file final-v9.cif (mmCIF, C-alpha atoms)
data_run
loop_
_atom_site.label_atom_id
_atom_site.label_comp_id
_atom_site.auth_asym_id
_atom_site.auth_seq_id
_atom_site.Cartn_x
_atom_site.Cartn_y
_atom_site.Cartn_z
CA MET A 1045 126.51 93.50 94.95
CA ASN A 1046 129.35 95.03 96.93
CA GLN A 1047 128.36 97.15 99.94
CA THR A 1048 130.50 99.96 98.52
CA GLU A 1049 127.85 100.42 95.82
CA PHE A 1050 125.06 100.87 98.36
CA LYS A 1051 127.15 103.30 100.40
CA ARG A 1052 127.84 105.36 97.26
CA ARG A 1053 124.11 105.61 96.60
CA ARG A 1054 123.28 106.66 100.15
CA THR A 1055 126.05 109.27 100.11
CA GLN A 1056 124.83 110.69 96.81
CA LEU A 1057 121.25 110.83 98.05
CA MET A 1058 122.17 112.59 101.29
CA LYS A 1059 124.19 115.23 99.41
CA MET A 1060 121.05 115.98 97.41
CA MET A 1061 118.91 116.10 100.55
CA GLY A 1062 121.00 118.55 102.57
CA LYS A 1063 122.23 118.43 106.20
CA ASN A 1064 119.07 119.52 108.01
CA SER A 1065 116.96 116.75 106.53
CA ILE A 1066 116.17 113.11 107.21
CA ALA A 1067 114.98 110.30 104.95
CA ILE A 1068 112.77 107.48 106.21
CA LEU A 1069 111.79 104.45 104.14
CA PRO A 1070 110.07 101.21 105.20
CA SER A 1071 110.74 97.79 103.73
CA SER A 1072 108.15 95.55 102.17
CA SER A 1073 106.12 93.33 104.46
CA GLU A 1074 105.27 89.67 104.09
CA ILE A 1075 101.88 89.14 102.43
CA ALA A 1076 99.59 86.23 103.25
CA ARG A 1077 98.76 83.96 100.31
CA ASN A 1078 96.32 81.78 102.20
CA ARG A 1079 96.10 80.13 105.60
CA ASP A 1080 99.59 79.78 107.15
CA VAL A 1081 101.27 80.48 103.79
CA ASP A 1082 102.87 83.72 102.59
CA PHE A 1083 103.74 84.80 99.07
CA PRO A 1084 107.50 84.64 98.33
CA PHE A 1085 109.00 87.79 99.81
CA ARG A 1086 110.15 90.54 97.42
CA GLN A 1087 111.84 93.56 98.92
CA ASP A 1088 110.66 97.08 98.08
CA SER A 1089 112.84 98.24 95.19
CA ASP A 1090 113.74 101.63 96.71
CA PHE A 1091 114.66 99.98 100.00
CA LEU A 1092 116.74 97.36 98.18
CA TYR A 1093 118.47 100.08 96.13
CA LEU A 1094 119.68 101.88 99.25
CA THR A 1095 120.50 98.96 101.53
CA GLY A 1096 120.72 95.56 99.81
CA PHE A 1097 118.83 94.33 102.90
CA ASN A 1098 116.37 91.60 102.00
CA GLU A 1099 114.25 91.10 105.11
CA PRO A 1100 110.72 92.31 105.88
CA ASP A 1101 109.73 94.55 108.80
CA ALA A 1102 112.61 96.99 108.54
CA VAL A 1103 113.02 100.76 108.23
CA VAL A 1104 116.02 102.63 106.88
CA VAL A 1105 116.78 106.13 108.18
CA LEU A 1106 119.34 108.46 106.59
CA ALA A 1107 120.28 111.37 108.83
CA PRO A 1108 123.04 113.50 107.26
CA GLY A 1109 125.57 114.82 109.77
CA ARG A 1110 124.40 112.67 112.68
CA LYS A 1111 127.19 112.39 115.27
CA HIS A 1112 126.98 108.60 115.60
CA GLY A 1113 126.62 107.90 111.89
CA ASP A 1114 124.05 108.82 109.26
CA TYR A 1115 122.80 105.33 108.25
CA ILE A 1116 120.44 103.73 110.77
CA LEU A 1117 118.68 100.43 110.12
CA PHE A 1118 115.76 99.25 112.22
CA CYS A 1119 115.16 95.51 111.76
CA ARG A 1120 114.04 92.37 113.54
CA GLU A 1121 116.14 91.08 116.41
CA LYS A 1122 117.86 87.72 116.34
CA ASP A 1123 115.49 85.07 117.66
CA PRO A 1124 116.75 81.45 117.71
CA GLU A 1125 113.28 79.95 118.09
CA LYS A 1126 111.71 81.91 115.22
CA GLU A 1127 114.78 81.41 113.06
CA THR A 1128 114.41 77.65 113.53
CA TRP A 1129 110.99 77.86 111.93
CA HIS A 1130 111.38 80.67 109.40
CA GLY A 1131 115.06 81.16 108.59
CA ARG A 1132 117.99 83.29 109.67
CA ARG A 1133 117.82 86.98 110.54
CA ALA A 1134 120.61 89.52 110.34
CA GLY A 1135 119.74 91.13 113.65
CA GLN A 1136 121.43 94.31 114.86
CA GLU A 1137 124.94 92.90 114.66
CA GLY A 1138 124.41 91.62 111.12
CA ALA A 1139 122.89 94.92 110.01
CA ILE A 1140 126.12 96.67 111.00
CA GLU A 1141 128.66 94.04 109.96
CA ASN A 1142 127.04 92.77 106.76
CA TYR A 1143 124.99 95.72 105.55
CA GLY A 1144 127.14 98.68 106.56
CA ALA A 1145 124.72 100.33 108.99
CA ASP A 1146 126.29 102.83 111.39
CA ASP A 1147 123.63 101.97 113.97
CA SER A 1148 120.92 99.34 114.16
CA PHE A 1149 117.99 99.08 116.54
CA PRO A 1150 115.20 96.52 117.02
CA ILE A 1151 112.16 97.36 114.90
CA ASP A 1152 109.99 96.96 118.01
CA ASP A 1153 111.80 99.96 119.56
CA ILE A 1154 111.18 102.33 116.65
CA ASP A 1155 108.41 104.31 118.39
CA ASP A 1156 110.81 105.17 121.23
CA ILE A 1157 113.82 106.04 119.07
CA LEU A 1158 112.54 107.56 115.81
CA PRO A 1159 111.06 110.79 117.28
CA GLY A 1160 114.49 111.63 118.69
CA LEU A 1161 116.04 111.22 115.24
CA LEU A 1162 113.42 113.56 113.76
CA GLU A 1163 113.98 116.27 116.34
CA GLY A 1164 115.96 119.23 115.01
CA ARG A 1165 115.50 118.29 111.35
CA GLU A 1166 113.83 120.78 109.05
CA SER A 1167 112.71 118.39 106.29
CA ILE A 1168 111.49 114.80 106.18
CA TYR A 1169 112.01 112.92 102.92
CA ASN A 1170 109.64 109.99 102.53
CA ILE A 1171 107.35 108.34 99.99
CA MET A 1172 103.76 109.06 100.98
CA GLY A 1173 101.19 106.46 99.97
CA LEU A 1174 103.61 103.53 100.00
CA SER A 1175 101.98 102.23 103.18
CA ALA A 1176 98.96 103.87 104.80
CA ASP A 1177 99.86 102.34 108.16
CA PHE A 1178 103.43 103.64 107.99
CA ASP A 1179 102.22 107.10 106.92
CA GLN A 1180 100.09 107.25 110.06
CA GLN A 1181 102.99 106.05 112.16
CA LEU A 1182 105.25 108.77 110.76
CA ILE A 1183 102.67 111.47 111.41
CA GLY A 1184 102.38 110.13 114.96
CA TRP A 1185 106.13 110.58 115.50
CA VAL A 1186 105.97 114.16 114.26
CA ASN A 1187 102.98 114.89 116.49
CA HIS A 1188 104.90 113.43 119.42
CA ILE A 1189 107.56 116.11 118.91
CA LYS A 1190 104.93 118.82 118.46
CA VAL A 1191 103.54 118.05 121.91
CA GLN A 1192 107.01 118.80 123.31
CA SER A 1193 107.58 121.95 121.22
CA ARG A 1194 106.93 124.12 124.30
CA ASN A 1195 110.07 122.61 125.77
CA GLY A 1196 112.09 123.86 122.82
CA LYS A 1197 111.87 120.75 120.69
CA GLN A 1198 112.30 121.66 116.99
CA VAL A 1199 109.62 120.08 114.80
CA PRO A 1200 110.27 119.25 111.11
CA SER A 1201 108.49 121.89 109.03
CA GLU A 1202 108.01 120.07 105.72
CA PHE A 1203 107.56 116.71 104.08
CA LEU A 1204 109.40 116.26 100.77
CA ALA A 1205 109.03 113.58 98.11
CA LEU A 1206 111.91 111.13 98.48
CA ASP A 1207 110.92 109.41 95.25
CA PHE A 1208 111.44 112.64 93.27
CA ILE A 1209 115.22 112.50 93.74
CA LEU A 1210 115.66 108.78 94.43
CA HIS A 1211 113.91 107.64 91.27
CA ASP A 1212 116.00 109.95 89.12
CA MET A 1213 119.10 108.31 90.62
CA ARG A 1214 117.72 104.86 89.83
CA LEU A 1215 117.17 105.80 86.18
CA PHE A 1216 120.94 105.89 85.54
CA LYS A 1217 122.55 102.47 85.91
CA SER A 1218 126.07 102.04 87.29
CA LYS A 1219 128.60 99.47 86.07
CA ALA A 1220 127.62 97.19 88.94
CA GLU A 1221 123.94 97.43 88.02
CA LEU A 1222 124.61 96.82 84.33
CA LYS A 1223 126.64 93.71 85.20
CA LEU A 1224 123.57 92.25 86.92
CA MET A 1225 121.26 93.30 84.08
CA ARG A 1226 123.54 91.60 81.55
CA GLN A 1227 123.45 88.45 83.67
CA ALA A 1228 119.65 88.58 83.77
CA ALA A 1229 119.52 89.13 80.02
CA ALA A 1230 121.85 86.18 79.33
CA ILE A 1231 119.82 83.80 81.52
CA ASN A 1232 116.61 84.96 79.90
CA VAL A 1233 118.01 84.46 76.41
CA VAL A 1234 118.87 80.83 77.23
CA ALA A 1235 115.38 80.26 78.61
CA HIS A 1236 113.73 81.65 75.47
CA LYS A 1237 115.95 79.45 73.32
CA ARG A 1238 114.94 76.39 75.36
CA ALA A 1239 111.28 77.25 74.82
CA MET A 1240 111.76 77.62 71.07
CA ARG A 1241 113.60 74.32 70.73
CA LEU A 1242 111.15 72.30 72.81
CA CYS A 1243 107.87 73.78 71.57
CA GLN A 1244 105.68 71.56 69.38
CA PRO A 1245 101.99 71.15 68.52
CA GLY A 1246 99.93 69.39 71.16
CA GLN A 1247 101.87 70.78 74.11
CA TYR A 1248 100.22 73.07 76.60
CA GLU A 1249 101.26 76.65 77.28
CA TYR A 1250 102.19 75.75 80.85
CA GLN A 1251 104.62 73.10 79.60
CA VAL A 1252 106.51 75.73 77.63
CA SER A 1253 106.29 78.12 80.57
CA ALA A 1254 107.94 75.45 82.73
CA GLU A 1255 111.14 75.83 80.70
CA PHE A 1256 111.45 79.34 82.09
CA ASP A 1257 110.82 78.09 85.62
CA HIS A 1258 113.59 75.55 85.15
CA GLU A 1259 116.17 77.88 83.64
CA PHE A 1260 115.53 80.70 86.08
CA LYS A 1261 115.57 78.49 89.15
CA ARG A 1262 118.71 76.60 88.19
CA ASN A 1263 120.49 79.96 87.90
CA ASN A 1264 119.31 80.98 91.38
CA THR A 1265 117.03 83.70 90.08
CA GLN A 1266 113.29 84.23 89.75
CA HIS A 1267 110.65 85.63 87.44
CA ALA A 1268 110.64 89.43 87.23
CA TYR A 1269 106.91 89.20 86.43
CA PRO A 1270 104.39 86.44 85.60
CA ALA A 1271 105.34 84.91 82.25
CA ILE A 1272 103.03 85.48 79.29
CA VAL A 1273 102.87 82.32 77.17
CA GLY A 1274 100.00 82.83 74.75
CA GLY A 1275 99.28 80.57 71.79
CA GLY A 1276 96.98 81.57 68.92
CA ALA A 1277 94.18 83.85 70.08
CA ASN A 1278 95.83 84.24 73.49
CA GLY A 1279 98.71 86.10 71.84
CA CYS A 1280 96.26 88.94 71.18
CA ILE A 1281 95.70 89.44 74.93
CA LEU A 1282 98.46 91.81 76.01
CA HIS A 1283 98.79 90.58 79.60
CA TYR A 1284 97.59 87.00 79.23
CA THR A 1285 98.96 84.91 82.13
CA GLU A 1286 96.67 81.89 82.48
CA ASN A 1287 99.04 79.79 80.32
CA THR A 1288 96.66 76.82 80.29
CA ASP A 1289 95.63 76.21 76.66
CA VAL A 1290 96.86 73.66 74.14
CA LEU A 1291 99.23 74.82 71.39
CA ASN A 1292 97.78 74.11 67.96
CA ASP A 1293 99.57 73.33 64.72
CA GLY A 1294 99.66 76.48 62.57
CA ASP A 1295 99.33 78.92 65.46
CA LEU A 1296 101.86 81.44 66.70
CA LEU A 1297 103.15 81.43 70.27
CA LEU A 1298 103.88 84.79 71.91
CA ILE A 1299 106.14 84.63 74.95
CA ASP A 1300 106.90 87.63 77.15
CA ALA A 1301 109.08 86.53 80.05
CA GLY A 1302 111.99 87.71 82.15
CA CYS A 1303 114.03 86.97 85.24
CA GLU A 1304 115.62 89.23 87.81
CA VAL A 1305 119.13 88.90 89.25
CA GLN A 1306 119.49 90.46 92.71
CA GLY A 1307 116.34 92.39 91.84
CA TYR A 1308 117.46 93.62 88.39
CA ALA A 1309 115.09 92.61 85.62
CA SER A 1310 115.30 91.42 82.06
CA ASP A 1311 112.26 91.57 79.78
CA ILE A 1312 112.09 89.79 76.41
CA SER A 1313 109.25 89.01 74.01
CA ARG A 1314 109.42 86.72 71.02
CA THR A 1315 106.71 85.32 68.74
CA PHE A 1316 107.31 82.11 66.85
CA PRO A 1317 105.32 79.36 65.06
CA VAL A 1318 104.26 76.39 67.17
CA ASN A 1319 105.16 74.02 64.30
CA GLY A 1320 108.45 75.74 63.49
CA LYS A 1321 107.41 77.42 60.21
CA TYR A 1322 105.76 80.81 59.76
CA SER A 1323 102.81 80.89 57.37
CA ALA A 1324 102.62 83.45 54.57
CA ALA A 1325 100.16 85.65 56.47
CA GLN A 1326 102.20 85.39 59.68
CA ARG A 1327 105.33 86.36 57.74
CA GLU A 1328 103.76 89.53 56.38
CA VAL A 1329 102.76 90.78 59.81
CA TYR A 1330 106.00 89.65 61.46
CA GLU A 1331 108.10 91.58 58.94
CA ILE A 1332 106.22 94.76 59.79
CA VAL A 1333 106.80 94.37 63.54
CA LEU A 1334 110.47 93.49 63.06
CA ALA A 1335 111.01 96.49 60.79
CA ALA A 1336 109.29 98.69 63.37
CA GLN A 1337 111.52 97.42 66.17
CA THR A 1338 114.67 97.85 64.06
CA ALA A 1339 113.71 101.43 63.25
CA ALA A 1340 112.86 102.17 66.88
CA ILE A 1341 116.15 100.79 68.22
CA LYS A 1342 118.09 103.00 65.78
CA THR A 1343 116.61 106.09 67.42
CA VAL A 1344 117.87 105.14 70.90
CA LYS A 1345 120.90 107.40 71.33
CA PRO A 1346 121.90 110.44 73.37
CA GLY A 1347 120.16 113.60 72.24
CA ASN A 1348 117.05 111.85 70.98
CA HIS A 1349 114.04 111.82 73.25
CA TRP A 1350 111.80 109.19 74.81
CA ASN A 1351 109.07 109.38 72.19
CA ASP A 1352 111.40 108.96 69.19
CA PRO A 1353 111.36 105.11 69.26
CA HIS A 1354 107.58 105.06 69.56
CA HIS A 1355 107.13 107.53 66.72
CA ALA A 1356 109.48 105.51 64.49
CA ALA A 1357 107.69 102.25 65.30
CA LEU A 1358 104.15 103.48 64.81
CA ARG A 1359 105.05 105.03 61.46
CA ILE A 1360 106.47 101.71 60.18
CA ILE A 1361 103.51 99.77 61.60
CA THR A 1362 100.91 102.11 60.11
CA LYS A 1363 102.66 102.06 56.74
CA GLY A 1364 102.88 98.26 56.83
CA LEU A 1365 99.23 97.80 57.78
CA LEU A 1366 98.33 100.15 54.94
CA GLU A 1367 100.41 98.17 52.44
CA ILE A 1368 98.84 94.79 53.32
CA GLY A 1369 95.34 96.25 53.31
CA LEU A 1370 94.43 96.18 57.01
CA LEU A 1371 94.22 99.97 57.01
CA LYS A 1372 92.99 102.20 54.22
CA GLY A 1373 93.60 105.90 53.60
CA ASN A 1374 96.40 108.44 53.72
CA LEU A 1375 99.45 107.53 55.85
CA ALA A 1376 99.75 110.93 57.54
CA THR A 1377 96.03 111.04 58.27
CA LEU A 1378 96.00 107.49 59.66
CA ILE A 1379 98.86 108.38 62.02
CA LYS A 1380 97.22 111.65 63.07
CA ASP A 1381 93.91 109.88 63.72
CA GLN A 1382 95.69 107.02 65.53
CA SER A 1383 93.95 104.49 63.31
CA TYR A 1384 96.77 102.06 64.05
CA ARG A 1385 95.43 101.65 67.61
CA GLN A 1386 93.00 99.01 66.42
CA PHE A 1387 96.02 96.75 65.99
CA TYR A 1388 98.79 98.48 67.99
CA MET A 1389 97.42 99.88 71.24
CA HIS A 1390 100.43 100.18 73.56
CA ARG A 1391 103.61 102.20 73.82
CA THR A 1392 106.87 100.97 72.34
CA GLY A 1393 108.74 100.51 75.62
CA HIS A 1394 109.38 101.38 79.24
CA TRP A 1395 112.30 101.97 81.58
CA LEU A 1396 113.91 98.79 82.95
CA GLY A 1397 115.81 98.16 86.18
CA LEU A 1398 114.88 97.04 89.70
CA ASP A 1399 111.27 97.12 88.54
CA VAL A 1400 110.36 95.62 85.19
CA HIS A 1401 108.42 98.84 84.55
CA ASP A 1402 111.10 100.86 86.23
CA VAL A 1403 110.92 104.28 87.83
CA GLY A 1404 111.96 107.49 86.10
CA ASP A 1405 110.07 110.33 84.47
CA TYR A 1406 109.23 110.05 80.78
CA LYS A 1407 108.79 113.79 80.54
CA VAL A 1408 110.63 116.70 82.15
CA GLY A 1409 108.07 119.47 82.41
CA ASP A 1410 106.09 119.23 79.20
CA GLN A 1411 109.00 117.90 77.12
CA TRP A 1412 109.90 114.28 76.44
CA ARG A 1413 113.01 113.25 78.35
CA LEU A 1414 116.25 113.10 76.38
CA PHE A 1415 118.18 109.83 76.31
CA GLU A 1416 121.42 109.83 78.29
CA PRO A 1417 124.10 107.15 78.78
CA GLY A 1418 123.22 104.64 81.51
CA MET A 1419 119.49 104.56 80.88
CA VAL A 1420 117.99 101.13 80.08
CA LEU A 1421 114.67 100.66 78.32
CA THR A 1422 112.72 98.05 76.41
CA VAL A 1423 111.77 98.40 72.75
CA GLU A 1424 108.66 96.34 72.06
CA PRO A 1425 106.36 97.11 69.13
CA GLY A 1426 103.53 94.71 68.29
CA ILE A 1427 100.53 93.99 66.13
CA TYR A 1428 97.45 92.16 67.42
CA ILE A 1429 94.59 90.97 65.20
CA PRO A 1430 91.90 89.11 67.19
CA ALA A 1431 89.41 86.89 65.37
CA HIS A 1432 86.36 88.67 64.00
CA SER A 1433 88.19 92.02 63.84
CA LYS A 1434 86.13 94.46 61.82
CA SER A 1435 86.79 94.29 58.05
CA VAL A 1436 89.73 91.89 58.53
CA PRO A 1437 89.97 88.77 56.31
CA ARG A 1438 90.05 85.43 58.14
CA LYS A 1439 93.68 84.70 57.18
CA TRP A 1440 94.83 87.42 59.62
CA TRP A 1441 92.68 86.29 62.56
CA ASP A 1442 94.43 85.48 65.85
CA ILE A 1443 97.82 86.73 64.73
CA GLY A 1444 99.41 88.44 67.73
CA ILE A 1445 103.07 89.42 67.41
CA ARG A 1446 105.35 91.29 69.81
CA ILE A 1447 109.14 91.56 69.60
CA GLU A 1448 110.88 93.03 72.65
CA ASP A 1449 114.48 93.60 73.62
CA ASP A 1450 116.39 95.36 76.41
CA VAL A 1451 118.42 98.35 75.25
CA LEU A 1452 121.13 100.34 77.04
CA VAL A 1453 121.81 103.93 76.02
CA THR A 1454 125.58 104.36 75.51
CA SER A 1455 127.73 107.43 74.87
CA THR A 1456 127.63 106.83 71.10
CA GLY A 1457 124.28 105.12 70.56
CA CYS A 1458 122.89 102.00 72.19
CA GLU A 1459 123.64 98.38 73.08
CA VAL A 1460 120.99 95.67 72.79
CA LEU A 1461 121.55 93.62 75.94
CA THR A 1462 119.42 90.75 74.59
CA GLU A 1463 120.98 90.69 71.12
CA ALA A 1464 121.90 86.98 71.46
CA LEU A 1465 118.28 85.89 71.02
CA PRO A 1466 117.28 85.64 67.32
CA ARG A 1467 114.71 88.06 65.93
CA LYS A 1468 114.74 87.24 62.21
CA MET A 1469 112.29 84.56 61.11
CA GLU A 1470 114.88 82.42 59.32
CA ASP A 1471 117.07 82.40 62.43
CA ILE A 1472 114.17 81.46 64.69
CA GLU A 1473 113.10 78.65 62.34
CA ALA A 1474 116.70 77.37 62.24
CA LEU A 1475 116.91 77.42 66.04
CA MET A 1476 113.61 75.54 66.39
CA ALA A 1477 114.85 72.89 63.96
CA SER A 1478 118.20 72.43 65.78
#
call {"tool": "encode", "arguments": {"input": "final-v9.cif", "output": "structure tokens"}}
result
Amino acid sequence: MNQTEFKRRRTQLMKMMGKNSIAILPSSSEIARNRDVDFPFRQDSDFLYLTGFNEPDAVVVLAPGRKHGDYILFCREKDPEKETWHGRRAGQEGAIENYGADDSFPIDDIDDILPGLLEGRESIYNIMGLSADFDQQLIGWVNHIKVQSRNGKQVPSEFLALDFILHDMRLFKSKAELKLMRQAAAINVVAHKRAMRLCQPGQYEYQVSAEFDHEFKRNNTQHAYPAIVGGGANGCILHYTENTDVLNDGDLLLIDAGCEVQGYASDISRTFPVNGKYSAAQREVYEIVLAAQTAAIKTVKPGNHWNDPHHAALRIITKGLLEIGLLKGNLATLIKDQSYRQFYMHRTGHWLGLDVHDVGDYKVGDQWRLFEPGMVLTVEPGIYIPAHSKSVPRKWWDIGIRIEDDVLVTSTGCEVLTEALPRKMEDIEALMAS
């Protein structure tokens, strides 16, 4: 992403903060996996949003009106020996030339420099609780100034929630962000199609999951979250990630997988028959979920609110379960009593962006948030019927179905970013046979 985009974000944030404030945000740190091995590094999403800087052990400081520039980046120094072992570092020169910092200092010098940047500021914007160690370090810097207050040093008088304003900014995607999200969606669609074409009875879930590894890696991207590849009974476990069981003839396979491009996520779920043909019972349930998703997507438009898709989906699902005999009673009463939760126990979507469950309030005060252009969300109704469910005939056992797509709110309605991946049963069966 162009550095102009990051500068625009920082400028917008600082206008909202005001001149007598300062924002301080640490990067993610490397996390040990086991002896001498770290997990793959993933930058903190807020830090990435403001800087594009993808190294650990860094701190960004935004100081509106500072004489020598308002964007300061503390990061690791260049170190030829360590870079030989662990890879290149930007260093102070790279932070300025490649990442647009006005000033950059070694992270090891932060205790000497940061208190001076805090002095004279009225408000500190930060995200408390992100790192207990960093919280203590920040309090230590403030206390350092307090000790010198007798000498006329002005101490910041309040801590303010940086995430309150920053996360509202992140909720609305720019053209540059949407370009990356469309790329992620397109790569993910191809991966799901590969999985559908190559799936067959006797394979293992991990073999199908490997198709996503292949497609994501060859496009220089990575999983946005651990893939869910659940056959049969495993499709009724919402966050199943073991992906180790054999795929049996006659079972369904539920896949929930997505990649991220430069941090921006896609998130798709599809449920299809291992042998390429839906059974009669599977068809009945699938039609209900598909109708629920279609109805939910239609409600995604400016002026409608966050709960409208969920309300539309649960009404269709409850009505469908009533019609096929899995629920009994009056439709309005079943909805009021939430009887559907035996088979549909989650919400119909979530915000999508730099985090797969992205930031942004779902309510403003006590009211559901209204949809506005630039918001991106998932729409993902489902029905899950584990074996031995109470009063459920055997033909429905172990049917778990979820259909999920990524949806952008536009000025006139919505755009399904993942529209290229089939949802209708006849189209899925045709793709699997191709």
call {"tool": "residues_around", "arguments": {"input": "final-v9.cif", "residues": "Val1305 of chain A", "least_positions_apart": "2", "cutoff": "8 Å", "atoms": "only C-alpha atoms", "output": "ChimeraX atom specification"}}
result
/A:1224-1225,1227-1228,1265-1266,1303,1307-1309
call {"tool": "resolve_selection", "arguments": {"input": "final-v9.cif", "expression": "the PyMOL selection byres ((chain A and resi 1063) around 7)", "output": "PyMOL selection string"}}
result
chain A and resi 1061-1062+1064-1065+1108-1109
call {"tool": "write_last_selection", "arguments": {"input": "final-v9.cif", "atoms": "C-alpha atoms", "output": "tab-separated table (two decimals), in the frame of the given file"}}
result
chain	number	residue	atom	x	y	z
A	1061	MET	CA	118.91	116.10	100.55
A	1062	GLY	CA	121.00	118.55	102.57
A	1064	ASN	CA	119.07	119.52	108.01
A	1065	SER	CA	116.96	116.75	106.53
A	1108	PRO	CA	123.04	113.50	107.26
A	1109	GLY	CA	125.57	114.82	109.77
call {"tool": "resolve_selection", "arguments": {"input": "final-v9.cif", "expression": "the PyMOL selection byres ((chain A and resi 1072-1080) around 12)", "output": "ChimeraX atom specification"}}
result
/A:1069-1071,1081-1092,1097-1104,1119,1174-1175,1177-1178
call {"tool": "resolve_selection", "arguments": {"input": "final-v9.cif", "expression": "the PyMOL selection byres ((chain A and resi 1252) around 12)", "output": "number ranges by chain"}}
result
A: 1235-1251, 1253-1259, 1271-1275, 1287-1291, 1297-1301, 1318
call {"tool": "write_last_selection", "arguments": {"input": "final-v9.cif", "atoms": "C-alpha atoms", "output": "PDB file, in the frame of the given file"}}
result
ATOM      1  CA  ALA A1235     115.380  80.260  78.610  1.00  0.00           C
ATOM      2  CA  HIS A1236     113.730  81.650  75.470  1.00  0.00           C
ATOM      3  CA  LYS A1237     115.950  79.450  73.320  1.00  0.00           C
ATOM      4  CA  ARG A1238     114.940  76.390  75.360  1.00  0.00           C
ATOM      5  CA  ALA A1239     111.280  77.250  74.820  1.00  0.00           C
ATOM      6  CA  MET A1240     111.760  77.620  71.070  1.00  0.00           C
ATOM      7  CA  ARG A1241     113.600  74.320  70.730  1.00  0.00           C
ATOM      8  CA  LEU A1242     111.150  72.300  72.810  1.00  0.00           C
ATOM      9  CA  CYS A1243     107.870  73.780  71.570  1.00  0.00           C
ATOM     10  CA  GLN A1244     105.680  71.560  69.380  1.00  0.00           C
ATOM     11  CA  PRO A1245     101.990  71.150  68.520  1.00  0.00           C
ATOM     12  CA  GLY A1246      99.930  69.390  71.160  1.00  0.00           C
ATOM     13  CA  GLN A1247     101.870  70.780  74.110  1.00  0.00           C
ATOM     14  CA  TYR A1248     100.220  73.070  76.600  1.00  0.00           C
ATOM     15  CA  GLU A1249     101.260  76.650  77.280  1.00  0.00           C
ATOM     16  CA  TYR A1250     102.190  75.750  80.850  1.00  0.00           C
ATOM     17  CA  GLN A1251     104.620  73.100  79.600  1.00  0.00           C
ATOM     18  CA  SER A1253     106.290  78.120  80.570  1.00  0.00           C
ATOM     19  CA  ALA A1254     107.940  75.450  82.730  1.00  0.00           C
ATOM     20  CA  GLU A1255     111.140  75.830  80.700  1.00  0.00           C
ATOM     21  CA  PHE A1256     111.450  79.340  82.090  1.00  0.00           C
ATOM     22  CA  ASP A1257     110.820  78.090  85.620  1.00  0.00           C
ATOM     23  CA  HIS A1258     113.590  75.550  85.150  1.00  0.00           C
ATOM     24  CA  GLU A1259     116.170  77.880  83.640  1.00  0.00           C
ATOM     25  CA  ALA A1271     105.340  84.910  82.250  1.00  0.00           C
ATOM     26  CA  ILE A1272     103.030  85.480  79.290  1.00  0.00           C
ATOM     27  CA  VAL A1273     102.870  82.320  77.170  1.00  0.00           C
ATOM     28  CA  GLY A1274     100.000  82.830  74.750  1.00  0.00           C
ATOM     29  CA  GLY A1275      99.280  80.570  71.790  1.00  0.00           C
ATOM     30  CA  ASN A1287      99.040  79.790  80.320  1.00  0.00           C
ATOM     31  CA  THR A1288      96.660  76.820  80.290  1.00  0.00           C
ATOM     32  CA  ASP A1289      95.630  76.210  76.660  1.00  0.00           C
ATOM     33  CA  VAL A1290      96.860  73.660  74.140  1.00  0.00           C
ATOM     34  CA  LEU A1291      99.230  74.820  71.390  1.00  0.00           C
ATOM     35  CA  LEU A1297     103.150  81.430  70.270  1.00  0.00           C
ATOM     36  CA  LEU A1298     103.880  84.790  71.910  1.00  0.00           C
ATOM     37  CA  ILE A1299     106.140  84.630  74.950  1.00  0.00           C
ATOM     38  CA  ASP A1300     106.900  87.630  77.150  1.00  0.00           C
ATOM     39  CA  ALA A1301     109.080  86.530  80.050  1.00  0.00           C
ATOM     40  CA  VAL A1318     104.260  76.390  67.170  1.00  0.00           C
TER      41      VAL A1318
END
call {"tool": "atom_distance", "arguments": {"input": "final-v9.cif", "atom1": "atom CA of Tyr1143 of chain A", "atom2": "atom CA of Leu1452 of chain A"}}
result
29.1 Å
call {"tool": "residues_around", "arguments": {"input": "final-v9.cif", "residues": "segment 1412-1423 of chain A", "least_positions_apart": "4", "cutoff": "6 Å", "atoms": "all atoms listed in the file", "output": "number ranges by chain"}}
result
A: 1215-1217, 1346-1350, 1392-1396, 1406-1408, 1448-1455
call {"tool": "closest_residue", "arguments": {"input": "final-v9.cif", "among": "A:Leu1465, A:Ala1336, A:Leu1210, A:Ala1474", "to": "Gly1404 of chain A", "atoms": "all atoms listed in the file"}}
result
A:Leu1210
call {"tool": "atom_distance", "arguments": {"input": "final-v9.cif", "atom1": "atom CA of Gly1444 of chain A", "atom2": "atom CA of Asp1352 of chain A"}}
result
23.8 Å
